[in-house]
Amino acid sequence: MEEQLRGFMKERFGDALIAEEDFRGDESYVIKPEMLFEICRAFLDDETLNVRFLSDITAIDWLGHDRERNGRFEVVYNLYSLPHSYRFFLKVRLPADNPTVASLVDLWPGANWMEREVFDLFGINFEGHPELTKILTPDELEGHPLRKDFPLTYEQPQFNWNKDDPPEVIR
Amino acid sequence: MTEQKTVTINMGPQHPSTHGVLRVILELDGERVVSAKPVVGYLHTGIEKTMESKLYYKALPCTDRMDYLSPMSNNLGYCLAVEKLMDIDVPEKVKWARVILAELTRIKSHLVWLGTHSIDLGAMSMLLYTFRDRESIIDVYEACGGQRMMTSYIRIGGLAHDLPIDFEKKVRKACRQVRNGLADYENLLVNNEIFINRTKNVGIISAEDAVAWSLSGPMLRGSGVKHDLRKANPYSGYENFDFDIAYGTNGDAYDRFKLRLEEIRQSLRIIEQGLDGMPEGAYRAHVPGVVLPPKEDVLYKMESMIFHFKIITEGFKAPVGTVYQGIESPKGELGFMITGDGTNMPRRIRVRPPSFINLASLPKLVEGCLFSDVVCAIGTIDIVLGEVDR
């Protein structure tokens, strides 16, 4: 399966492939954001690979790390092939200002809430999402909590304390 | 005068059948549900953010508090992910003990589900029986970790302490009790006409839809997809155990009920194999600087003392990279994605919450159902709001 997938990616989407990572047996492909939708649709159509299960969508904020040069945000798509029992990852790197990537809700209805969560906690926009609104945090909360520049201890909305303190970043 | 066709009503967040603080906005046409919109987030405490601000060791207790009905499974998932990131191999005895504990946790979680789900549907006495049997499993927890619910017993590289002396006796007693209890549950529910009428052909989802909605665990297997991470990608030595994947065919609430009963039976099989074949050995891996040395050594050996101090105060530095470890928790695929960035704190810890992703399919499950079936559909997903909102 591993070889098959590598061949598939190189043959059909060779120019969309930026890098290939293998860390502790977890295979991941870094691809161009604009090609994400095409690649995922190709997975759904391909009978031999049979990658039909979108396990998870999440993001990583690389603020202040060497890897920030490649793009501050990394959105990770966790894909799984049920008949082959094989898991791999697609990653797209997005810039710090206005990070936007195509939504996969048209391919997988289950992507709806996962993308809303990433939008809520990281502020990454998913183009074409039917209802991109907050899901976990209160409506009054400004900012995106899982970004590294979001303060850890500042309470917002202010329920009971730090009413007058300025927000500060504590890591 | 305009004619109003549908009525919008609000269910929850404080509603006993929503198992916590789930709110559902329902649009009804008479008794039929036109659309349902779950609203979550009332219990959001930012557990992922909290874990990212702690050392790898100190983030562990946060995992208990997500899915508080199955603490050991969460511990196991997190520890396996960190062990994968740090490339640690744990002793055989630890693997076997972890499997036994994880399976006990599965039984415990399913018992709570069974009790609350049947109370939702009117079988009031079930909760007493399931909680009676759950008590014996909690006794095992208490003997191991010293706590009844938030055990944090499974640690990075091993266990918190060695297994208690009467571990086998206690586990066998729990198994016996659950096995006897199973007969009671089946007598009360399997052929119960009210229960069948309330659950048959309710909350149906087809196999294709279940995959498209990213469902996992009993929700996926109930629709006939034979997928279980314990078989597909074995972890913690599950390949040594002999058990069958329980699965349904119709994908309705009744199938999922029978499937979970069968899973309890399979878990008992695994536990008994585990007890019979439990190897001897250390209860923690020996990896200086990463895994805490055993407490006995800390008191008498200087090196252990130094390592203990260093690990507690400054932790260990993880390499730059991302690992993912998924386990089959009672609710479904519980995954931990941990990204190290070369420092002693994780850059990112992502929990793939099975309840959250399964709950997203609720609008699909209740489409066109009767209003009273919504309660059944919420129950059959088996959600824990602590994990949905994190």
# chains A, B, ... in the order shown; residues from 1 in each chain; ligands from 1
$ interface_residues --of "chain A" --to "chain B" --cutoff "9 Å" --atoms "only C-alpha atoms" --output "PyMOL selection string"
chain A and resi 23-26+52-62+65+82-86+107-114+135-138+145-146+148+152+171
$ residues_around --residues "B:Ile88" --least-positions-apart "5" --cutoff "9 Å" --atoms "only C-alpha atoms" --output "VMD selection string"
chain B and resid 82 to 83 157 285 287 290 to 291
$ select_by_dssp --residues "stretch 78-115 of chain A" --states "alpha helix (DSSP H)" --output "VMD selection string"
chain A and resid 111 to 115
$ select_by_dssp --residues "stretch 34-149 of chain A" --states "strand (DSSP E)" --output "MDAnalysis selection string"
chainID A and resid 53:61 73:81 86:94 100:102 125:127
$ residues_around --residues "A:Ser28" --least-positions-apart "2" --cutoff "7 Å" --atoms "only C-alpha atoms" --output "PDB file with N, CA and C atoms, in the first residue's frame"
ATOM      1  N   GLU A  20       7.930  15.081   1.259  1.00  0.00           N
ATOM      2  CA  GLU A  20       7.428  13.812   1.754  1.00  0.00           C
ATOM      3  C   GLU A  20       8.115  13.567   3.085  1.00  0.00           C
ATOM      4  N   GLU A  21       7.329  13.302   4.117  1.00  0.00           N
ATOM      5  CA  GLU A  21       7.931  13.109   5.432  1.00  0.00           C
ATOM      6  C   GLU A  21       7.608  11.718   5.941  1.00  0.00           C
ATOM      7  N   ASP A  22       8.583  11.154   6.619  1.00  0.00           N
ATOM      8  CA  ASP A  22       8.348   9.863   7.261  1.00  0.00           C
ATOM      9  C   ASP A  22       8.950   9.945   8.653  1.00  0.00           C
ATOM     10  N   ASP A  26       5.015   7.211  10.422  1.00  0.00           N
ATOM     11  CA  ASP A  26       3.843   7.946   9.947  1.00  0.00           C
ATOM     12  C   ASP A  26       4.212   8.673   8.656  1.00  0.00           C
ATOM     13  N   VAL A  30       3.378  16.623   1.993  1.00  0.00           N
ATOM     14  CA  VAL A  30       3.082  18.056   2.027  1.00  0.00           C
ATOM     15  C   VAL A  30       2.723  18.469   0.609  1.00  0.00           C
ATOM     16  N   PHE A  88      -2.330   7.597   6.502  1.00  0.00           N
ATOM     17  CA  PHE A  88      -1.303   8.557   6.092  1.00  0.00           C
ATOM     18  C   PHE A  88      -1.872   9.961   6.228  1.00  0.00           C
ATOM     19  N   PHE A  89      -1.011  10.938   6.019  1.00  0.00           N
ATOM     20  CA  PHE A  89      -1.401  12.315   6.299  1.00  0.00           C
ATOM     21  C   PHE A  89      -1.119  13.210   5.096  1.00  0.00           C
ATOM     22  N   LEU A  90      -2.039  14.108   4.845  1.00  0.00           N
ATOM     23  CA  LEU A  90      -1.793  15.165   3.868  1.00  0.00           C
ATOM     24  C   LEU A  90      -1.619  16.454   4.659  1.00  0.00           C
ATOM     25  N   LYS A  91      -0.591  17.230   4.295  1.00  0.00           N
ATOM     26  CA  LYS A  91      -0.394  18.482   5.017  1.00  0.00           C
ATOM     27  C   LYS A  91      -0.363  19.626   4.026  1.00  0.00           C
TER      28      LYS A  91
END
$ closest_residue --among "B:Ile100, B:Ile271, B:Leu362, B:Cys79" --to "B:Leu163" --atoms "only C-alpha atoms"
B:Ile100
$ atom_distance --atom1 "atom CA of B:Ile165" --atom2 "atom CA of B:Asp276"
15.4 Å
$ atom_distance --atom1 "atom CA of A:Arg67" --atom2 "atom CA of B:Pro319"
13.3 Å
$ closest_residue --among "B:Val374, B:Ile311, B:Val94, B:Val140" --to "B:Pro293" --atoms "only C-alpha atoms"
B:Ile311
